[in-house]
>>> print(open('protein-v4.cif').read())   # mmCIF, C-alpha atoms
data_run
#
loop_
_atom_site.label_atom_id
_atom_site.label_comp_id
_atom_site.auth_asym_id
_atom_site.auth_seq_id
_atom_site.Cartn_x
_atom_site.Cartn_y
_atom_site.Cartn_z
CA MET A 1 -120.25 139.70 -207.40
CA ASP A 2 -120.37 137.93 -210.74
CA ARG A 3 -120.45 134.24 -209.75
CA GLY A 4 -122.10 133.39 -213.07
CA VAL A 5 -125.31 135.36 -212.43
CA LYS A 6 -126.29 138.53 -214.28
CA ILE A 7 -128.06 140.98 -211.96
CA ASP A 8 -129.50 144.28 -213.17
CA LEU A 9 -130.34 146.23 -209.99
CA SER A 10 -132.33 148.91 -211.78
CA THR A 11 -134.48 146.33 -213.59
CA SER A 12 -135.08 144.34 -210.40
CA ILE A 13 -136.22 147.46 -208.54
CA LYS A 14 -138.44 148.55 -211.42
CA LYS A 15 -140.09 145.12 -211.57
CA ALA A 16 -140.53 145.05 -207.77
CA LEU A 17 -142.13 148.50 -207.54
CA THR A 18 -145.11 148.11 -209.86
CA ILE A 19 -148.49 149.80 -209.49
CA LYS A 20 -150.32 146.46 -209.37
CA GLU A 21 -151.84 145.72 -205.98
CA LYS A 22 -150.21 142.37 -205.45
CA PRO A 23 -147.18 141.14 -203.47
CA ILE A 24 -143.69 141.63 -204.86
CA LYS A 25 -142.42 138.50 -206.58
CA PRO A 26 -139.64 136.88 -204.51
CA LYS A 27 -137.30 136.79 -207.51
CA HIS A 28 -137.46 140.60 -207.82
CA ILE A 29 -136.68 141.00 -204.11
CA ARG A 30 -133.75 138.59 -204.47
CA GLY A 31 -132.59 140.39 -207.59
CA THR A 32 -132.61 143.70 -205.72
CA ILE A 33 -130.74 142.27 -202.73
CA LEU A 34 -128.14 140.53 -204.91
CA GLY A 35 -127.83 143.66 -207.04
CA THR A 36 -126.65 145.69 -204.03
CA TYR A 37 -123.56 143.45 -203.92
CA HIS A 38 -122.87 144.25 -207.56
CA THR A 39 -123.28 148.02 -207.52
CA GLN A 40 -123.68 150.83 -204.99
CA SER A 41 -126.43 152.60 -206.91
CA PHE A 42 -129.42 151.44 -204.84
CA TRP A 43 -130.26 154.86 -203.39
CA ALA A 44 -129.61 156.66 -206.67
CA ILE A 45 -132.13 154.37 -208.36
CA VAL A 46 -134.92 154.43 -205.76
CA ILE A 47 -135.01 158.22 -205.36
CA ARG A 48 -135.91 158.41 -209.07
CA CYS A 49 -138.86 156.04 -208.63
CA PRO A 50 -142.39 157.56 -208.56
CA LEU A 51 -142.74 157.07 -204.80
CA LYS A 52 -144.79 160.25 -204.39
CA GLU A 53 -147.12 159.53 -207.30
CA ASN A 54 -148.52 156.13 -206.38
CA ARG A 55 -149.38 154.72 -202.95
CA ILE A 56 -148.88 151.06 -203.98
CA ILE A 57 -145.38 151.84 -205.21
CA ALA A 58 -144.64 153.74 -201.99
CA TRP A 59 -145.90 150.83 -199.84
CA LYS A 60 -143.88 148.29 -201.79
CA PHE A 61 -140.82 150.52 -201.54
CA MET A 62 -141.04 150.52 -197.74
CA TYR A 63 -141.08 146.72 -197.67
CA LEU A 64 -138.35 146.38 -200.29
CA LEU A 65 -136.13 148.84 -198.41
CA HIS A 66 -136.67 146.91 -195.17
CA LYS A 67 -135.58 143.70 -196.89
CA VAL A 68 -132.52 145.37 -198.40
CA LEU A 69 -131.51 146.93 -195.07
CA ARG A 70 -131.59 143.47 -193.53
CA GLU A 71 -130.11 141.35 -196.31
CA GLY A 72 -128.45 143.67 -198.79
CA ASN A 73 -124.88 144.91 -198.96
CA GLN A 74 -123.78 146.89 -195.91
CA HIS A 75 -123.26 150.06 -197.94
CA VAL A 76 -127.06 150.48 -198.22
CA SER A 77 -127.38 150.61 -194.43
CA LEU A 78 -124.35 152.86 -194.06
CA GLN A 79 -125.82 155.35 -196.55
CA ALA A 80 -129.32 155.12 -195.10
CA MET A 81 -128.85 157.91 -192.53
CA SER A 82 -128.28 160.45 -195.30
CA HIS A 83 -131.60 159.38 -196.90
CA ARG A 84 -133.61 159.28 -193.66
CA HIS A 85 -135.19 162.68 -194.37
CA MET A 86 -136.51 161.40 -197.72
CA ILE A 87 -138.15 158.45 -195.97
CA GLN A 88 -139.68 160.74 -193.33
CA GLU A 89 -141.05 163.13 -195.94
CA LEU A 90 -142.53 160.27 -197.94
CA GLY A 91 -144.35 159.09 -194.82
CA LYS A 92 -145.66 162.59 -194.08
CA LEU A 93 -146.81 163.09 -197.67
CA TRP A 94 -148.95 159.97 -197.73
CA GLY A 95 -149.93 160.26 -194.07
CA HIS A 96 -151.86 163.46 -194.74
CA LEU A 97 -154.49 161.42 -196.59
CA ASN A 98 -154.99 159.31 -193.46
CA ASP A 99 -156.72 156.37 -195.11
CA GLY A 100 -155.93 152.82 -196.30
CA TYR A 101 -152.38 152.38 -197.51
CA GLU A 102 -151.57 155.97 -196.59
CA VAL A 103 -151.59 155.36 -192.82
CA LEU A 104 -149.56 152.18 -193.37
CA ILE A 105 -146.93 154.06 -195.38
CA LYS A 106 -146.70 156.74 -192.70
CA GLN A 107 -146.14 154.17 -189.93
CA TYR A 108 -143.73 152.11 -192.03
CA SER A 109 -141.63 155.23 -192.62
CA LYS A 110 -141.46 155.77 -188.84
CA LEU A 111 -140.39 152.16 -188.33
CA LEU A 112 -137.65 152.34 -190.98
CA CYS A 113 -136.29 155.62 -189.58
CA THR A 114 -136.25 154.06 -186.10
CA LYS A 115 -134.39 151.03 -187.49
CA ILE A 116 -131.85 153.20 -189.30
CA GLU A 117 -131.25 155.34 -186.20
CA PHE A 118 -131.00 152.26 -183.97
CA HIS A 119 -128.24 150.64 -186.02
CA ALA A 120 -126.39 153.95 -186.42
CA LYS A 121 -126.45 154.36 -182.63
CA HIS A 122 -125.53 150.70 -181.97
CA PRO A 123 -123.17 149.77 -184.84
CA ALA A 124 -122.20 146.51 -183.11
CA ILE A 125 -125.73 145.29 -183.87
CA GLU A 126 -125.91 144.71 -187.60
CA SER A 127 -129.15 145.41 -189.44
CA HIS A 128 -130.00 141.73 -189.97
CA ILE A 129 -130.17 141.30 -186.15
CA SER A 130 -129.13 137.65 -186.15
CA ILE A 131 -130.13 135.51 -183.20
CA GLU A 132 -126.55 134.51 -182.41
CA TYR A 133 -124.69 137.72 -183.17
CA ILE A 134 -125.96 140.13 -180.53
CA THR A 135 -125.93 137.79 -177.54
CA PHE A 136 -122.29 136.89 -178.02
CA GLN A 137 -120.94 140.18 -179.41
CA VAL A 138 -122.34 142.56 -176.78
CA ASP A 139 -120.06 142.50 -173.75
CA GLU A 140 -122.07 141.81 -170.59
CA ASN A 141 -119.38 143.58 -168.56
CA LYS A 142 -120.49 146.92 -169.98
CA SER A 143 -122.03 149.43 -167.57
CA SER A 144 -125.64 149.38 -166.42
CA ASP A 145 -126.11 152.71 -168.26
CA PHE A 146 -125.26 150.96 -171.53
CA PHE A 147 -127.88 148.27 -170.94
CA PHE A 148 -130.45 150.86 -169.81
CA GLY A 149 -129.94 152.61 -173.12
CA ILE A 150 -129.92 149.62 -175.43
CA VAL A 151 -133.00 148.06 -173.82
CA THR A 152 -134.89 151.36 -174.05
CA ASP A 153 -133.95 151.67 -177.74
CA MET A 154 -135.03 148.09 -178.40
CA PHE A 155 -138.39 148.80 -176.74
CA ASP A 156 -138.85 151.88 -178.95
CA TYR A 157 -137.98 149.80 -182.01
CA LEU A 158 -140.44 147.07 -180.99
CA ASN A 159 -143.18 149.64 -180.39
CA GLU A 160 -142.91 150.82 -184.01
CA ILE A 161 -143.11 147.24 -185.31
CA ILE A 162 -146.14 146.57 -183.12
CA ALA A 163 -147.83 149.78 -184.29
CA LEU A 164 -147.37 148.86 -187.96
CA SER A 165 -148.53 145.27 -187.49
CA ALA A 166 -151.62 146.44 -185.60
CA LEU A 167 -152.43 148.92 -188.38
CA VAL A 168 -152.16 146.21 -191.04
CA TYR A 169 -154.68 144.05 -189.14
CA GLU A 170 -156.92 147.07 -188.53
CA THR A 171 -157.02 148.17 -192.17
CA MET A 172 -157.63 144.60 -193.35
CA THR A 173 -160.77 144.54 -191.19
CA LYS A 174 -161.84 148.12 -191.87
CA PHE A 175 -161.71 147.74 -195.65
CA ASN A 176 -162.89 144.11 -195.62
CA VAL A 177 -159.81 142.90 -197.51
CA ASN A 178 -159.59 139.19 -198.26
CA PRO A 179 -156.17 138.01 -197.02
CA MET A 180 -155.94 135.40 -199.78
CA SER A 181 -156.58 137.94 -202.56
CA SER A 182 -153.71 139.72 -204.34
CA ALA A 183 -154.71 142.97 -202.62
CA GLY A 184 -154.73 141.29 -199.22
CA GLN A 185 -151.35 139.66 -199.78
CA CYS A 186 -149.93 142.99 -200.88
CA ARG A 187 -150.90 144.44 -197.49
CA ILE A 188 -149.84 141.56 -195.27
CA GLU A 189 -146.62 140.47 -197.01
CA PRO A 190 -144.50 142.92 -194.92
CA LEU A 191 -145.80 141.22 -191.76
CA THR A 192 -143.31 138.42 -192.48
CA ILE A 193 -140.39 140.70 -191.76
CA GLN A 194 -142.19 142.44 -188.84
CA ILE A 195 -142.79 139.09 -187.14
CA GLU A 196 -139.24 137.87 -187.64
CA GLU A 197 -137.61 141.12 -186.58
CA SER A 198 -139.82 141.48 -183.51
CA TYR A 199 -139.04 137.89 -182.55
CA LEU A 200 -135.32 138.57 -182.67
CA LEU A 201 -135.62 141.90 -180.82
CA TYR A 202 -137.81 140.28 -178.17
CA ASN A 203 -135.23 137.55 -177.56
CA HIS A 204 -132.39 140.01 -177.23
CA SER A 205 -134.32 142.47 -175.07
CA LEU A 206 -135.26 139.54 -172.81
CA HIS A 207 -131.61 138.58 -172.51
CA PHE A 208 -130.49 142.16 -171.83
CA MET A 209 -133.26 142.65 -169.27
CA HIS A 210 -131.84 139.70 -167.33
CA VAL A 211 -128.36 141.22 -167.61
CA LEU A 212 -129.73 144.54 -166.40
CA HIS A 213 -131.42 142.89 -163.42
CA SER A 214 -128.09 141.38 -162.45
CA LYS A 215 -126.57 144.88 -162.33
CA VAL A 216 -129.34 147.10 -160.94
CA SER A 217 -131.74 146.72 -158.01
CA TYR A 218 -135.12 145.19 -158.82
CA GLU A 219 -137.07 148.26 -157.66
CA LEU A 220 -135.25 150.65 -160.00
CA LEU A 221 -136.27 148.60 -163.03
CA ALA A 222 -140.04 148.75 -162.45
CA GLY A 223 -140.48 151.07 -165.45
CA HIS A 224 -138.54 148.77 -167.77
CA ARG A 225 -140.52 145.75 -166.59
CA SER A 226 -143.78 147.60 -167.16
CA ARG A 227 -142.81 148.42 -170.75
CA PHE A 228 -141.61 144.86 -171.32
CA ASN A 229 -144.91 143.42 -170.06
CA VAL A 230 -146.93 145.57 -172.45
CA ILE A 231 -144.69 144.59 -175.38
CA PHE A 232 -144.92 140.91 -174.41
CA ASN A 233 -148.73 140.96 -174.48
CA GLU A 234 -148.90 142.95 -177.73
CA LEU A 235 -146.48 140.61 -179.51
CA LYS A 236 -148.41 137.61 -178.21
CA SER A 237 -151.56 139.08 -179.76
CA ILE A 238 -149.82 139.86 -183.09
CA TYR A 239 -148.40 136.33 -183.38
CA ASN A 240 -151.76 134.75 -182.52
CA LYS A 241 -153.54 136.86 -185.15
CA ALA A 242 -150.89 135.97 -187.73
CA ARG A 243 -151.83 132.30 -187.35
CA GLY A 244 -155.22 133.20 -188.75
CA PHE A 245 -153.62 134.06 -192.10
CA GLU A 246 -152.81 130.97 -194.15
CA TYR A 247 -150.71 133.10 -196.49
CA LEU A 248 -148.35 134.07 -193.63
CA GLU A 249 -148.12 130.56 -192.25
CA ASN A 250 -147.08 129.33 -195.68
CA LEU A 251 -144.24 131.86 -195.78
CA ILE A 252 -142.68 131.80 -192.30
CA THR A 253 -142.66 130.01 -188.98
CA ILE A 254 -144.65 132.14 -186.54
CA PRO A 255 -143.21 132.16 -182.99
CA MET A 256 -145.35 131.56 -179.90
CA LEU A 257 -145.36 133.36 -176.57
CA PHE A 258 -146.78 131.41 -173.66
CA GLY A 259 -148.39 132.34 -170.35
CA GLU A 260 -147.44 135.55 -168.60
CA PRO A 261 -144.45 137.88 -169.04
CA PRO A 262 -141.28 136.86 -167.18
CA THR A 263 -140.80 138.24 -163.67
CA PHE A 264 -136.99 138.53 -164.01
CA VAL A 265 -136.60 137.12 -160.51
CA ASN A 266 -134.81 134.16 -162.08
CA LYS A 267 -133.89 133.33 -165.68
CA ASP A 268 -137.42 132.30 -166.58
CA TYR A 269 -137.21 131.83 -170.33
CA ALA A 270 -139.92 129.17 -170.41
CA ASN A 271 -142.58 131.46 -171.86
CA ILE A 272 -141.12 131.61 -175.38
CA GLU A 273 -140.89 128.89 -177.95
CA HIS A 274 -137.41 129.29 -179.41
CA VAL A 275 -137.73 128.71 -183.13
CA GLU A 276 -134.59 128.30 -185.19
CA MET A 277 -135.22 130.30 -188.35
CA THR A 278 -133.86 128.53 -191.42
CA PRO A 279 -134.14 129.68 -195.05
CA ARG A 280 -137.16 127.40 -195.47
CA GLN A 281 -138.87 128.81 -192.37
CA SER A 282 -137.84 132.43 -192.70
CA SER A 283 -138.06 135.18 -195.28
CA VAL A 284 -134.34 135.80 -194.71
CA MET A 285 -132.18 133.76 -197.08
CA THR A 286 -128.45 133.27 -197.16
CA PHE A 287 -126.49 134.99 -199.90
CA GLU A 288 -125.47 131.66 -201.47
CA TYR A 289 -129.05 130.39 -201.40
CA MET A 290 -130.28 133.50 -203.21
CA LEU A 291 -127.54 133.07 -205.81
CA LYS A 292 -128.56 129.47 -206.36
CA LEU A 293 -132.18 130.49 -206.95
CA ALA A 294 -131.08 133.31 -209.27
CA ARG A 295 -129.04 130.84 -211.35
CA LEU A 296 -132.02 128.47 -211.60
CA GLU A 297 -134.34 131.31 -212.65
CA GLU A 298 -131.81 132.55 -215.21
CA GLU A 299 -131.53 129.06 -216.72
CA GLU A 300 -135.32 128.75 -216.78
CA GLU A 301 -135.61 132.08 -218.63
CA ARG A 302 -133.04 130.92 -221.19
CA SER A 303 -134.91 127.64 -221.67
CA ARG A 304 -138.17 129.47 -222.36
CA SER A 305 -136.49 131.76 -224.88
CA ARG A 306 -134.96 128.91 -226.89
CA PRO A 307 -136.87 128.16 -230.13
CA ILE A 308 -138.76 124.89 -230.15
CA PRO A 309 -137.31 122.67 -232.89
CA SER A 310 -139.70 121.86 -235.70
CA ALA A 311 -140.92 118.33 -236.01
CA PRO A 312 -139.22 116.43 -238.85
CA VAL A 313 -141.16 116.24 -242.07
CA LEU A 314 -141.82 112.69 -243.17
CA TYR A 315 -142.16 111.94 -246.86
CA GLU A 316 -143.78 108.86 -248.22
CA ASP A 317 -141.94 106.93 -250.90
#
>>> encode(input="protein-v4.cif", output="structure tokens")
Amino acid sequence: MDRGVKIDLSTSIKKALTIKEKPIKPKHIRGTILGTYHTQSFWAIVIRCPLKENRIIAWKFMYLLHKVLREGNQHVSLQAMSHRHMIQELGKLWGHLNDGYEVLIKQYSKLLCTKIEFHAKHPAIESHISIEYITFQVDENKSSDFFFGIVTDMFDYLNEIIALSALVYETMTKFNVNPMSSAGQCRIEPLTIQIEESYLLYNHSLHFMHVLHSKVSYELLAGHRSRFNVIFNELKSIYNKARGFEYLENLITIPMLFGEPPTFVNKDYANIEHVEMTPRQSSVMTFEYMLKLARLEEEEERSRSRPIPSAPVLYED
């Protein structure tokens, strides 16, 4: 992946995972993502980071890993299952302290392990979970058992996202953290990816629930509808709370859920505002767009490092 841009994956990761309680700079996230297309050493690098020594580094690692699983080279996702135990143990280690960032790290580790297991179980659904890909790639002629399974797994996945998002809001209130401060932004920055991923999962679970209702009697799906209704109301609350954070609204477009959950009697999709996520509206950027930004940043760095020419000396006759 040369394309005229020099990417040092190790340096990008090191600069992303600092001990300072402030959000990761976008250029270091992009550098890490782009670096995974240049080398397959992502896991070898991160396991040597001091993830067990500092809670801020551990928290940032969870978010950085989530971004890389979604937008990085596929080899990171394919190798993730073999590193799942490390992620679990990291969550347990910090979870024992049961306070502040520690509970967030514990829940984020559960979410990431659920994500890794979900994509390993459903390889047709790639880790970026695009809005178009699933709907058209999953064959609706598959058996009702298949849709029972995939909807249940999506609900489990959504529950972990909801649990993490709720914990972020809870700890912000409990510790009286200002959302516009560096510390506040460090905590809430991962909500951008939670909101986007939950939005996509909600859309696809809604679609698959309609497929399932076309295959199975209405009465037999009472349990699935009950779970869906709870998830609908929890996501609605999470999105509404997110609108109270100017920092989040400046970063992404926050979806809206309207009214009551669908009944699944007909294709009643009217309760969701379908937002087309573009690079400007979403934290997910195309590969070419990230390269373009990396080139601009590289040129800017070179410009700053160039010596400023001395002013000419004027001599009087």
>>> resolve_selection(input="protein-v4.cif", expression="the PyMOL selection byres ((chain A and resi 81-84) around 8)", output="list in words")
Ser77, Leu78, Gln79, Ala80, His85, Met86, Ile87, Gln88, Cys113, Ile116, Glu117 and Ala120 of chain A
>>> resolve_selection(input="protein-v4.cif", expression="the PyMOL selection byres ((chain A and resi 94) around 8)", output="NGL selection string")
:A and (52 or 55 or 90-93 or 95-98 or 102-103 or 105-106)
>>> residues_around(input="protein-v4.cif", residues="Trp43 (chain A)", least_positions_apart="3", cutoff="10 Å", atoms="only C-alpha atoms", output="list in words")
Thr36, Gln40, Val46, Ile47, Arg48, Leu65, Val76, Gln79, Ala80 and His83 of chain A
>>> closest_residue(input="protein-v4.cif", among="A:Asp8, A:Glu21, A:Glu71, A:Asp156", to="Ile193 (chain A)", atoms="only C-alpha atoms")
A:Glu71
>>> resolve_selection(input="protein-v4.cif", expression="the PyMOL selection byres ((chain A and resi 204-210) around 9)", output="ChimeraX atom specification")
/A:131,134-135,140,147-148,150-152,154-155,199-203,211-215,224-225,228,262,264-267,269
>>> atom_distance(input="protein-v4.cif", atom1="CA of Thr192 (chain A)", atom2="CA of Thr263 (chain A)")
28.9 Å
>>> atom_distance(input="protein-v4.cif", atom1="CA of Ile24 (chain A)", atom2="CA of Leu235 (chain A)")
25.5 Å
>>> residues_near_point(input="protein-v4.cif", point="(-142.5, 152.2, -210.8)", cutoff="7 Å", atoms="all atoms listed in the file", output="MDAnalysis selection string")
chainID A and resid 14 17:19 49:50 57
>>> atom_distance(input="protein-v4.cif", atom1="CA of Asn159 (chain A)", atom2="CA of Lys22 (chain A)")
27.0 Å
>>> residues_around(input="protein-v4.cif", residues="Leu9 (chain A)", least_positions_apart="4", cutoff="10 Å", atoms="all atoms listed in the file", output="list in words")
Ile13, Lys14, Lys15, His28, Gly31, Thr32, Ile33, Leu34, Gly35, Thr36, Tyr37, His38, Thr39, Gln40, Ser41, Phe42 and Ile45 of chain A
>>> write_last_selection(input="protein-v4.cif", atoms="C-alpha atoms", output="short mmCIF file (atom, residue, chain, number, x, y, z; two decimals), in the frame of the given file")
data_model
loop_
_atom_site.label_atom_id
_atom_site.label_comp_id
_atom_site.auth_asym_id
_atom_site.auth_seq_id
_atom_site.Cartn_x
_atom_site.Cartn_y
_atom_site.Cartn_z
CA ILE A 13 -136.22 147.46 -208.54
CA LYS A 14 -138.44 148.55 -211.42
CA LYS A 15 -140.09 145.12 -211.57
CA HIS A 28 -137.46 140.60 -207.82
CA GLY A 31 -132.59 140.39 -207.59
CA THR A 32 -132.61 143.70 -205.72
CA ILE A 33 -130.74 142.27 -202.73
CA LEU A 34 -128.14 140.53 -204.91
CA GLY A 35 -127.83 143.66 -207.04
CA THR A 36 -126.65 145.69 -204.03
CA TYR A 37 -123.56 143.45 -203.92
CA HIS A 38 -122.87 144.25 -207.56
CA THR A 39 -123.28 148.02 -207.52
CA GLN A 40 -123.68 150.83 -204.99
CA SER A 41 -126.43 152.60 -206.91
CA PHE A 42 -129.42 151.44 -204.84
CA ILE A 45 -132.13 154.37 -208.36
#
>>> closest_residue(input="protein-v4.cif", among="A:Val216, A:Ala166, A:Ile129, A:Leu104", to="Ile56 (chain A)", atoms="all atoms listed in the file")
A:Leu104
>>> closest_residue(input="protein-v4.cif", among="A:Lys67, A:Asn229, A:Leu248, A:Ile161", to="Pro179 (chain A)", atoms="all atoms listed in the file")
A:Leu248
>>> axis_aligned_box(input="protein-v4.cif", around="region 42-51 of chain A", padding_each_side="6 Å", output="AutoDock Vina command-line options")
--center_x -136.1 --center_y 154.9 --center_z -206.2 --size_x 25.3 --size_y 19.0 --size_z 17.7
>>> closest_residue(input="protein-v4.cif", among="A:Phe245, A:Ser12, A:Thr253, A:Lys20", to="Asn178 (chain A)", atoms="all atoms listed in the file")
A:Phe245
>>> closest_residue(input="protein-v4.cif", among="A:Lys236, A:Lys60, A:Arg187, A:Lys142", to="Gly259 (chain A)", atoms="all atoms listed in the file")
A:Lys236
